[in-house]
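Visitor: One structure follows; several queries about it will come next.
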Protein chains: 2
Amino acid sequence: MESLNRRERARLERGALIVRTARELAEADGWDAVTTRRLADAVEYSQPVLYSHFKNMQAIVTAVALDGMAELAVVLREGREASGLMGLAEAYLGYAEAHPAVYAAIFTRRTDLVFGSAESPEVLKLTFGELLAGVEPHATDDAETLTEVFWSALHGQATLNQESRLRPAQRTERIERLVRLVTG
Amino acid sequence: MESLNRRERARLERGALIVRTARELAEADGWDAVTTRRLADAVEYSQPVLYSHFKNMQAIVTAVALDGMAELAVVLREGREASGLMGLAEAYLGYAEAHPAVYAAIFTRRTDLVFGSAESPEVLKLTFGELLAGVEPHATDDAETLTEVFWSALHGQATLNQESRLRPAQRTERIERLVRLVTG
DNA sequence: CTAGATTGTCTAGCAGTGCTAGGATCGACG
DNA sequence: CGTCGATCCTAGCACTGCTAGACAATCTAG
């Protein structure tokens, strides 16, 4: 399992290159600009190479999403450890703003990964666990449901912010209000 | 202004037919299934006819979104008048669940309508006004910001629900928790 | 009632999309 | 040197949104 020969390592490397490049293209010009031809050009291979690594374009987006989820979990932990629920909220929205394409890949684009089942649960549970850990100290009874409510509220702010549907000047105030609602 | 001759009335009628059909197709098979060819087929005209009514496909989606926003405003008012903030929240999420394609057209699909400016403000302000009217009685100071927080929370639940990322069994509990957070 | 202009509609096509079948190329090995 | 196998690319399919230009229907004027 451990020892991969040169070829296998090269393959893995190239798969990672594809995901990395897709992410860069998406962050630069949006997901609509990430087409198989452009992506293939950017990694300097032809389109079929993409399909030898991923089942389809959707799978590439999913790979970017999974990477992003892992990053998000780390960011959330740091924010929480630094300044509790407020730090958590700031970290969440900060990540969504700093990496809109990745956030879209995780949450707003149609994905083939099912969330509730056995598919790719570890990294999601990790992220949800961070949220739960932040909310738990302030929950009187059902912390899990409260976490879902809190998460939804953050997600709503993230997406509505992204589309400029909330007043930008009140951004921080909205976060504080939300946190205060939960902490009581 | 008032008197439109037969032709102009027929044109208006057909424009409405296009929007109505687009909405039906979207609700039936999702927006990805709403292509210019299928839509043209469904209304029994050729594709160019669509473009004599709308600048592009995006404009058709926008038209569906505007119709939906008006409907949503009505539904929100009814919910609020029937049972206050809880009725408002139920109505909002109920509409999003009952008309997922329309809700997507309004909020999650990329739209060419700018929200903060003079473009199509009436109907949006109407909707936001309903939310504001529901939140205001429970706000101690800045009702508008609190409304944005509340709206974001609803929107988050709507979208995360749609993608089965929240436990379905706790749906009602999440709404109640959210409302209780705001009402104090 | 006819000739001309205007309006309406369609056919056919472009450039781009995701995706794939088949052949070319290149390496390792006998 | 020749063969085999993996790797990769060219070329193409069916689809997308969108549009130019030909055609048909309707209205207007004489």
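So you can find residues: chains in the structure tokens are A, B, ... in the order shown, residues in each start at 1, and ligands are numbered from 1 in order.
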Hey, list the chain D side of the contact with chain A: 10 Å cut-off, only C-alpha atoms (C1' of nucleotides), answer as a ChimeraX atom specification.
Guide: /D:7-10
Visitor: Write out as a PyMOL selection string each polymer residue whose atoms come within 7 Å of Gln58 of chain A, counting only C-alpha atoms (C1' of nucleotides); drop sequence neighbours fewer than 3 positions from it.
Guide: chain A and resi 61-62+111
Visitor: Once you count only C-alpha atoms (C1' of nucleotides), which residues of chain A turn out to be within 12 Å of chain C? Could you give them as an MDAnalysis selection string?
Guide: chainID A and resid 32:38 47:52 54:58
Visitor: With N, CA and C atoms retained, could you export that selection as an mmCIF file, in the first residue's frame?
Guide:
data_model
loop_
_atom_site.group_PDB
_atom_site.id
_atom_site.type_symbol
_atom_site.label_atom_id
_atom_site.label_comp_id
_atom_site.auth_asym_id
_atom_site.auth_seq_id
_atom_site.Cartn_x
_atom_site.Cartn_y
_atom_site.Cartn_z
ATOM 1 N N ASP A 32 -17.887 28.917 -14.248
ATOM 2 C CA ASP A 32 -18.333 28.837 -15.641
ATOM 3 C C ASP A 32 -17.146 28.842 -16.600
ATOM 4 N N ALA A 33 -16.062 29.442 -16.179
ATOM 5 C CA ALA A 33 -14.886 29.525 -17.044
ATOM 6 C C ALA A 33 -14.052 28.245 -16.978
ATOM 7 N N VAL A 34 -14.377 27.374 -16.057
ATOM 8 C CA VAL A 34 -13.625 26.125 -15.938
ATOM 9 C C VAL A 34 -14.265 25.071 -16.838
ATOM 10 N N THR A 35 -13.818 25.030 -18.065
ATOM 11 C CA THR A 35 -14.309 24.034 -19.012
ATOM 12 C C THR A 35 -13.234 22.965 -19.194
ATOM 13 N N THR A 36 -13.633 21.837 -19.723
ATOM 14 C CA THR A 36 -12.659 20.753 -19.890
ATOM 15 C C THR A 36 -11.515 21.187 -20.808
ATOM 16 N N ARG A 37 -11.839 21.944 -21.827
ATOM 17 C CA ARG A 37 -10.782 22.369 -22.749
ATOM 18 C C ARG A 37 -9.811 23.334 -22.082
ATOM 19 N N ARG A 38 -10.360 24.331 -21.409
ATOM 20 C CA ARG A 38 -9.479 25.307 -20.748
ATOM 21 C C ARG A 38 -8.641 24.645 -19.664
ATOM 22 N N GLN A 47 -7.922 16.791 -23.206
ATOM 23 C CA GLN A 47 -9.101 16.533 -22.379
ATOM 24 C C GLN A 47 -9.203 15.101 -21.854
ATOM 25 N N PRO A 48 -8.966 14.093 -22.689
ATOM 26 C CA PRO A 48 -9.148 12.725 -22.195
ATOM 27 C C PRO A 48 -8.330 12.411 -20.955
ATOM 28 N N VAL A 49 -7.216 13.104 -20.780
ATOM 29 C CA VAL A 49 -6.405 12.867 -19.589
ATOM 30 C C VAL A 49 -7.212 13.171 -18.323
ATOM 31 N N LEU A 50 -8.021 14.219 -18.407
ATOM 32 C CA LEU A 50 -8.853 14.559 -17.252
ATOM 33 C C LEU A 50 -9.731 13.374 -16.865
ATOM 34 N N TYR A 51 -10.233 12.706 -17.887
ATOM 35 C CA TYR A 51 -11.182 11.614 -17.644
ATOM 36 C C TYR A 51 -10.498 10.327 -17.232
ATOM 37 N N SER A 52 -9.189 10.287 -17.352
ATOM 38 C CA SER A 52 -8.486 9.120 -16.823
ATOM 39 C C SER A 52 -8.240 9.299 -15.324
ATOM 40 N N PHE A 54 -10.599 11.494 -13.412
ATOM 41 C CA PHE A 54 -11.906 11.765 -12.808
ATOM 42 C C PHE A 54 -13.019 11.296 -13.722
ATOM 43 N N LYS A 55 -14.074 10.841 -13.110
ATOM 44 C CA LYS A 55 -15.191 10.288 -13.882
ATOM 45 C C LYS A 55 -15.776 11.355 -14.805
ATOM 46 N N ASN A 56 -15.902 12.549 -14.301
ATOM 47 C CA ASN A 56 -16.422 13.644 -15.128
ATOM 48 C C ASN A 56 -16.043 14.978 -14.492
ATOM 49 N N MET A 57 -16.482 16.047 -15.110
ATOM 50 C CA MET A 57 -16.157 17.382 -14.632
ATOM 51 C C MET A 57 -16.645 17.587 -13.198
ATOM 52 N N GLN A 58 -17.822 17.066 -12.934
ATOM 53 C CA GLN A 58 -18.415 17.188 -11.606
ATOM 54 C C GLN A 58 -17.484 16.622 -10.528
#
Visitor: Using only C-alpha atoms, find the residues of chain A whose closest atom to chain B is at most 7 Å away, then write them as a list in words.
Guide: Phe115, Gly116, Thr145, Glu148, Val149, Ser152, Ala153, His155, Gly156, Gln157, Leu160, Arg165, Leu166, Arg174, Leu178, Leu181 and Val182 of chain A
Visitor: Take the residues from that selection and write them out as a compact mmCIF listing (two decimals), in the first residue's frame, keeping N, CA and C atoms.
Guide:
# COMPACT_ATOMS: atom_id res chain seq x y z
N PHE A 115 -24.54 13.91 1.59
CA PHE A 115 -24.01 14.36 2.86
C PHE A 115 -24.39 13.48 4.04
N GLY A 116 -25.62 13.05 4.02
CA GLY A 116 -26.11 12.32 5.18
C GLY A 116 -25.62 10.88 5.29
N THR A 145 -29.14 20.48 17.18
CA THR A 145 -30.11 21.26 16.42
C THR A 145 -29.72 22.73 16.41
N GLU A 148 -27.16 23.28 13.90
CA GLU A 148 -27.72 23.33 12.54
C GLU A 148 -28.32 24.71 12.26
N VAL A 149 -28.98 25.26 13.24
CA VAL A 149 -29.57 26.59 13.08
C VAL A 149 -28.46 27.63 12.89
N SER A 152 -26.76 27.17 9.48
CA SER A 152 -27.63 27.70 8.42
C SER A 152 -27.56 29.21 8.36
N ALA A 153 -27.56 29.82 9.52
CA ALA A 153 -27.52 31.28 9.58
C ALA A 153 -26.22 31.81 8.98
N HIS A 155 -24.33 30.19 6.82
CA HIS A 155 -24.37 29.88 5.39
C HIS A 155 -25.22 30.92 4.64
N GLY A 156 -26.32 31.27 5.23
CA GLY A 156 -27.18 32.28 4.60
C GLY A 156 -26.47 33.60 4.46
N GLN A 157 -25.79 34.03 5.50
CA GLN A 157 -25.04 35.28 5.41
C GLN A 157 -23.95 35.18 4.35
N LEU A 160 -25.75 35.21 0.79
CA LEU A 160 -26.41 36.48 0.49
C LEU A 160 -25.39 37.61 0.40
N ARG A 165 -26.56 41.01 -1.49
CA ARG A 165 -27.96 41.20 -1.16
C ARG A 165 -28.14 41.68 0.27
N LEU A 166 -27.03 41.87 0.94
CA LEU A 166 -27.08 42.44 2.29
C LEU A 166 -26.19 43.68 2.29
N ARG A 174 -23.92 42.17 11.67
CA ARG A 174 -24.75 40.98 11.48
C ARG A 174 -24.14 39.77 12.18
N LEU A 178 -25.86 37.78 15.34
CA LEU A 178 -26.11 36.34 15.30
C LEU A 178 -25.48 35.63 16.49
N LEU A 181 -27.32 36.29 19.61
CA LEU A 181 -28.58 35.54 19.68
C LEU A 181 -28.33 34.15 20.28
N VAL A 182 -27.24 33.55 19.86
CA VAL A 182 -26.96 32.19 20.32
C VAL A 182 -26.41 32.17 21.74
Visitor: Segment 85-121 of chain A: which residues are helix (DSSP H, G or I) by DSSP, as a PyMOL selection string?
Guide: chain A and resi 85-98+100-107
Visitor: Got a sec: who's within 9 Å of Thr127 of chain B, counting only C-alpha atoms (C1' of nucleotides), leaving out chain neighbours fewer than 6 positions off, as a compact mmCIF listing (two decimals) with C-alpha atoms, in the first residue's frame?
Guide:
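Full text of selection-v6.txt as output:
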# COMPACT_ATOMS: atom_id res chain seq x y z
CA MET B 69 -40.70 37.15 -5.55
CA ALA B 70 -44.13 38.66 -5.86
CA LEU B 72 -43.34 35.02 -1.96
CA ALA B 73 -44.25 38.45 -0.68
CA VAL B 74 -47.92 37.49 -0.64
CA LEU B 76 -45.13 35.92 3.72
CA ARG B 77 -47.82 38.47 4.45
Visitor: In Å to one decimal, how far is atom CA of Trp31 of chain A from atom CA of Ala101 of chain A?
Guide: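 So the two atoms, atom CA of Ala101 of chain A and atom CA of Trp31 of chain A, lie 6.9 Å apart.
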